[in-house]
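Enquirer: Next up is a structure, given as structure tokens.
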Amino acid sequence: MNEKDARRIVETLGRKNNPSEEELFLFTDAMCFLIKKNNDPRDMTYLGGVYYEQHDFDLALKYYEMAADLDFEPAICGLGYIWYYGRTGKRDYEKAFMYFSKSAKLGNLQSEYKVADMYKNGYFVERNYNKYVEIIKELYPKVKNAKYLNQPLPEVFTRLAKIYTKEGKEKEAIKLYIKAKDFLIQRIRNNAFWGDINIMMWLTDDLYKLKKFNINEFDLYDLFYLFTKPSVVSFKYEDKTYIVRSELEDGNIAIEFNGKWYRKREDFFTKATIEDDLLLTQLYFELYDFEVVDENANKSKKL
């Protein structure tokens with residue numbers, strides 16, 4: 001392998017939303033070649049992020065640390081996440097606060113809201129809800145006109161929406177949730193990262209605590225709400241009707257679609273595919289005519 005071939009593999013496979021195991025192996029092999037050849041912290045962080053998405057957190061830690069040793073700020077933020085959530089088996093809030101604080105001082109908005117979270121939860125620092133609110137409200141004008149999908153608009157908007165809900169500003173909170181949802185739709189369509197899927201799930205749960213669900217008009221991500229209990233939903237793609245159902249199984253909801261079962265709501269959104277292995281999330285704008293269906297009567301029903 002030479003550098004030109006490695007870059008070609010990275011550029012080609014790095015754009016794939018649902019790579020096979022073989023493609024993932026080729027991609028990581030090419031990245032390792034480039035890192036060994038160039039010692040570039042951008043490549044190290046990129047590969048660390050791929051391993052993070054694949055839940056291979058030990059390797060994510062390895063490459064984040066390599067890049068952080070070269071003072072690469074995004075990797076420093078990544079290390080904050082590793083230790084905040086204890087991805088390698090042990091939480092270390094002192095390390096998390098150190099990395100997030102360092103990254104935030106270098107201008108990383110993502111790290112800023114994680115520092116805020118640590119004040120809210122009292123992780124390593126003394127619990128201080130007012131400090132949390134102050135940081136989140138200061139972040140709002142920095143992200144409200146976000147143009148790039150990696151900017152933390154949904155993360156800040158959903159936090160601010162919860163603050164507004166607590167303050168009794170429910171209409172303002174609903175507007176923030178809807179704007180955050182629109183932004184997440186685009187982000188997930190580009191890359192169905194499980195972290196963003198989780199944000200969408202929590203957002204939907206919180207939104208419908210404030211807003212009445214419209215049974216006559218809903219979309220793919222509203223299935224998060226519907227599938228908190230047994231439901232059957234139909235939708236169309238290219239004039240073909242598909243059925244997805246949720247069932248209660250051992251006290252938990254399981255989802256069946258296209259001959260496959262998913263044990264969690266978030267698993268369905270991360271992995272469910274249609275023809276040609278296209279993720280449903282990739283096809284969001286091409287899915288239509290969502291209906292809650294009564295299988296027995298073969299017609300729509302109200303919940």
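Ordered as shown in the structure tokens, chains take letters A, B, and onward, while each chain numbers its residues from 1 and ligands are numbered from 1 in the order shown.
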Which residues come within 10 Å of region 199-216 of chain A, counting only C-alpha atoms, excluding same-chain residues fewer than 5 positions away, as a PyMOL selection string?

Expert: chain A and resi 154-155+157-159+161-162+165+170-171+173-178+180-181+184-185+188+194+221-226+228+265-266+269+289-292+300-303

Enquirer: Point out the residue among A:Met1, A:Met118, A:Met31, A:Leu248 with the least atom-to-atom distance to Phe227 (chain A), counting only C-alpha atoms.

Expert: A:Leu248

Enquirer: Residues of region 196-281 of chain A classed as alpha helix (DSSP H) by DSSP on the backbone are to be reported as a list in words.

Expert: Asp196, Ile197, Asn198, Ile199, Met200, Met201, Trp202, Leu203, Thr204, Asp205, Asp206, Leu207, Tyr208, Lys209, Leu210, Leu223, Phe224, Tyr225, Leu226, Arg265, Glu266, Asp267, Phe268, Phe269, Thr270 and Lys271 of chain A

Enquirer: Filtering to N, CA and C atoms, could you give me those residues as an mmCIF file, in the first residue's frame?

Expert:
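In the end it all went to selection.cif:
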data_model
loop_
_atom_site.group_PDB
_atom_site.id
_atom_site.type_symbol
_atom_site.label_atom_id
_atom_site.label_comp_id
_atom_site.auth_asym_id
_atom_site.auth_seq_id
_atom_site.Cartn_x
_atom_site.Cartn_y
_atom_site.Cartn_z
ATOM 1 N N ASP A 196 -25.918 10.318 18.376
ATOM 2 C CA ASP A 196 -26.955 11.221 17.867
ATOM 3 C C ASP A 196 -28.330 10.555 17.882
ATOM 4 N N ILE A 197 -28.365 9.253 17.645
ATOM 5 C CA ILE A 197 -29.629 8.510 17.739
ATOM 6 C C ILE A 197 -30.178 8.617 19.160
ATOM 7 N N ASN A 198 -29.300 8.499 20.152
ATOM 8 C CA ASN A 198 -29.739 8.626 21.544
ATOM 9 C C ASN A 198 -30.279 10.015 21.837
ATOM 10 N N ILE A 199 -29.613 11.042 21.314
ATOM 11 C CA ILE A 199 -30.107 12.406 21.520
ATOM 12 C C ILE A 199 -31.495 12.557 20.925
ATOM 13 N N MET A 200 -31.702 11.989 19.723
ATOM 14 C CA MET A 200 -33.014 12.062 19.085
ATOM 15 C C MET A 200 -34.070 11.340 19.925
ATOM 16 N N MET A 201 -33.716 10.210 20.499
ATOM 17 C CA MET A 201 -34.654 9.459 21.334
ATOM 18 C C MET A 201 -35.056 10.275 22.562
ATOM 19 N N TRP A 202 -34.065 10.829 23.257
ATOM 20 C CA TRP A 202 -34.363 11.614 24.455
ATOM 21 C C TRP A 202 -35.159 12.866 24.100
ATOM 22 N N LEU A 203 -34.798 13.487 22.983
ATOM 23 C CA LEU A 203 -35.505 14.679 22.512
ATOM 24 C C LEU A 203 -36.982 14.366 22.275
ATOM 25 N N THR A 204 -37.251 13.266 21.571
ATOM 26 C CA THR A 204 -38.627 12.889 21.257
ATOM 27 C C THR A 204 -39.418 12.597 22.522
ATOM 28 N N ASP A 205 -38.807 11.880 23.447
ATOM 29 C CA ASP A 205 -39.481 11.589 24.717
ATOM 30 C C ASP A 205 -39.854 12.874 25.440
ATOM 31 N N ASP A 206 -38.935 13.823 25.479
ATOM 32 C CA ASP A 206 -39.181 15.080 26.191
ATOM 33 C C ASP A 206 -40.173 15.974 25.444
ATOM 34 N N LEU A 207 -40.093 15.980 24.110
ATOM 35 C CA LEU A 207 -40.985 16.814 23.312
ATOM 36 C C LEU A 207 -42.445 16.442 23.547
ATOM 37 N N TYR A 208 -42.732 15.137 23.570
ATOM 38 C CA TYR A 208 -44.129 14.719 23.696
ATOM 39 C C TYR A 208 -44.620 14.667 25.136
ATOM 40 N N LYS A 209 -43.789 15.112 26.050
ATOM 41 C CA LYS A 209 -44.276 15.428 27.396
ATOM 42 C C LYS A 209 -44.891 16.824 27.408
ATOM 43 N N LEU A 210 -44.494 17.634 26.420
ATOM 44 C CA LEU A 210 -44.958 19.021 26.343
ATOM 45 C C LEU A 210 -45.976 19.233 25.233
ATOM 46 N N LEU A 223 -41.535 7.498 15.678
ATOM 47 C CA LEU A 223 -41.658 6.106 16.101
ATOM 48 C C LEU A 223 -41.000 5.893 17.461
ATOM 49 N N PHE A 224 -40.063 6.754 17.813
ATOM 50 C CA PHE A 224 -39.501 6.677 19.163
ATOM 51 C C PHE A 224 -40.621 6.791 20.195
ATOM 52 N N TYR A 225 -41.560 7.698 19.948
ATOM 53 C CA TYR A 225 -42.690 7.895 20.855
ATOM 54 C C TYR A 225 -43.667 6.725 20.769
ATOM 55 N N LEU A 226 -44.035 6.345 19.562
ATOM 56 C CA LEU A 226 -45.018 5.278 19.382
ATOM 57 C C LEU A 226 -44.529 3.945 19.932
ATOM 58 N N ARG A 265 -35.215 0.509 21.050
ATOM 59 C CA ARG A 265 -35.634 1.502 20.063
ATOM 60 C C ARG A 265 -34.429 2.069 19.332
ATOM 61 N N GLU A 266 -33.378 2.387 20.073
ATOM 62 C CA GLU A 266 -32.209 3.000 19.459
ATOM 63 C C GLU A 266 -31.504 2.048 18.490
ATOM 64 N N ASP A 267 -31.580 0.727 18.760
ATOM 65 C CA ASP A 267 -30.980 -0.248 17.843
ATOM 66 C C ASP A 267 -31.691 -0.225 16.493
ATOM 67 N N PHE A 268 -33.004 -0.095 16.519
ATOM 68 C CA PHE A 268 -33.777 -0.034 15.276
ATOM 69 C C PHE A 268 -33.330 1.146 14.421
ATOM 70 N N PHE A 269 -33.182 2.306 15.031
ATOM 71 C CA PHE A 269 -32.807 3.497 14.268
ATOM 72 C C PHE A 269 -31.348 3.475 13.826
ATOM 73 N N THR A 270 -30.512 2.783 14.547
ATOM 74 C CA THR A 270 -29.104 2.706 14.182
ATOM 75 C C THR A 270 -28.852 1.698 13.064
ATOM 76 N N LYS A 271 -29.659 0.613 13.037
ATOM 77 C CA LYS A 271 -29.320 -0.514 12.166
ATOM 78 C C LYS A 271 -30.356 -0.869 11.109
#

Enquirer: Kindly give the distance, in Å, that separates CA of Trp83 (chain A) and CA of Glu65 (chain A), rounded to a single decimal.

Expert: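 Separating CA of Trp83 (chain A) from CA of Glu65 (chain A) is a distance of 12.0 Å.
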
Enquirer: Mind checking which residues fall within 8 Å of region 16-26 of chain A, counting only C-alpha atoms, ignoring those fewer than 6 positions away in the same chain, and posting them as an MDAnalysis selection string?

Expert: chainID A and resid 9 190:192 277:279

Enquirer: Using N, CA, C and O atoms, can you write the selected residues to a file as a PDB file, in the first residue's frame?

Expert:
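Produced file selection.pdb, reproduced below:
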ATOM      1  N   ILE A   9      -8.724   4.859  -0.281  1.00  0.00           N
ATOM      2  CA  ILE A   9      -9.554   3.961   0.517  1.00  0.00           C
ATOM      3  C   ILE A   9     -10.275   4.737   1.620  1.00  0.00           C
ATOM      4  O   ILE A   9     -11.478   4.561   1.844  1.00  0.00           O
ATOM      5  N   ASN A 190     -26.622  11.900   7.420  1.00  0.00           N
ATOM      6  CA  ASN A 190     -25.249  11.864   6.936  1.00  0.00           C
ATOM      7  C   ASN A 190     -24.440  10.759   7.601  1.00  0.00           C
ATOM      8  O   ASN A 190     -23.596  10.122   6.973  1.00  0.00           O
ATOM      9  N   ASN A 191     -24.724  10.515   8.886  1.00  0.00           N
ATOM     10  CA  ASN A 191     -23.991   9.478   9.638  1.00  0.00           C
ATOM     11  C   ASN A 191     -24.848   9.046  10.822  1.00  0.00           C
ATOM     12  O   ASN A 191     -25.073   9.831  11.739  1.00  0.00           O
ATOM     13  N   ALA A 192     -25.304   7.805  10.802  1.00  0.00           N
ATOM     14  CA  ALA A 192     -26.206   7.307  11.854  1.00  0.00           C
ATOM     15  C   ALA A 192     -25.411   6.931  13.105  1.00  0.00           C
ATOM     16  O   ALA A 192     -25.441   5.775  13.561  1.00  0.00           O
ATOM     17  N   ASP A 277     -29.631  -2.498   1.460  1.00  0.00           N
ATOM     18  CA  ASP A 277     -28.960  -2.186   2.732  1.00  0.00           C
ATOM     19  C   ASP A 277     -28.873  -0.696   3.016  1.00  0.00           C
ATOM     20  O   ASP A 277     -27.937  -0.228   3.677  1.00  0.00           O
ATOM     21  N   LEU A 278     -29.832   0.059   2.539  1.00  0.00           N
ATOM     22  CA  LEU A 278     -29.878   1.485   2.842  1.00  0.00           C
ATOM     23  C   LEU A 278     -30.528   1.689   4.207  1.00  0.00           C
ATOM     24  O   LEU A 278     -31.619   1.172   4.471  1.00  0.00           O
ATOM     25  N   LEU A 279     -29.865   2.436   5.081  1.00  0.00           N
ATOM     26  CA  LEU A 279     -30.432   2.717   6.383  1.00  0.00           C
ATOM     27  C   LEU A 279     -31.691   3.568   6.237  1.00  0.00           C
ATOM     28  O   LEU A 279     -31.747   4.480   5.410  1.00  0.00           O
TER      29      LEU A 279
END

Enquirer: Contacts of region 126-139 of chain A at 9 Å or less, counting only C-alpha atoms, minus same-chain residues fewer than 5 places along, as a CSV table (one decimal) with C-alpha atoms, in the first residue's frame?

Expert:
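Done, and the output landed in result.csv:
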chain,number,residue,atom,x,y,z
A,109,LEU,CA,-18.2,24.3,22.3
A,112,GLU,CA,-18.1,23.7,27.2
A,113,TYR,CA,-21.5,22.1,27.5
A,115,VAL,CA,-18.2,21.2,31.7
A,116,ALA,CA,-21.7,22.6,32.3
A,117,ASP,CA,-23.0,19.0,32.7
A,118,MET,CA,-20.4,18.3,35.3
A,119,TYR,CA,-21.5,21.4,37.3
A,120,LYS,CA,-25.1,20.3,37.0
A,121,ASN,CA,-24.4,16.7,38.2
A,144,LYS,CA,-28.2,29.2,17.2
A,156,VAL,CA,-27.2,23.0,23.5
A,157,PHE,CA,-30.9,23.4,22.3
A,159,ARG,CA,-30.4,21.3,27.3
A,160,LEU,CA,-31.8,24.8,27.1
A,163,ILE,CA,-34.0,24.6,31.4

Enquirer: Kindly indicate which residue among A:Glu286, A:Asp71, A:Asp239, A:Asp58 lies nearest to Leu106 (chain A), using only C-alpha atoms for the distances.

Expert: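 For Leu106 (chain A), the nearest of the candidates is A:Asp71.
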
Enquirer: In Å, rounded to a single decimal, give me how far CA of Phe285 (chain A) is from CA of Asp219 (chain A).

Expert: 9.5 Å

Enquirer: Looking at A:Arg187, A:Leu287, A:Glu3, A:Cys32, which one is nearest to Phe218 (chain A), with distances taken over only C-alpha atoms?

Expert: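 Of A:Arg187, A:Leu287, A:Glu3, A:Cys32, the one nearest Phe218 (chain A), counting only C-alpha atoms, is A:Leu287.
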
Enquirer: When distances are computed from only C-alpha atoms, which of A:Gln282, A:Val293, A:Arg189, A:Leu59 shows the smallest separation from Pro230 (chain A)?

Expert: A:Val293

Enquirer: Using only C-alpha atoms for the distances, tell me which of A:Gly195, A:Lys36, A:Gln186, A:Lys240 is nearest to Gly49 (chain A).

Expert: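 Of A:Gly195, A:Lys36, A:Gln186, A:Lys240, the one nearest Gly49 (chain A), counting only C-alpha atoms, is A:Gly195.
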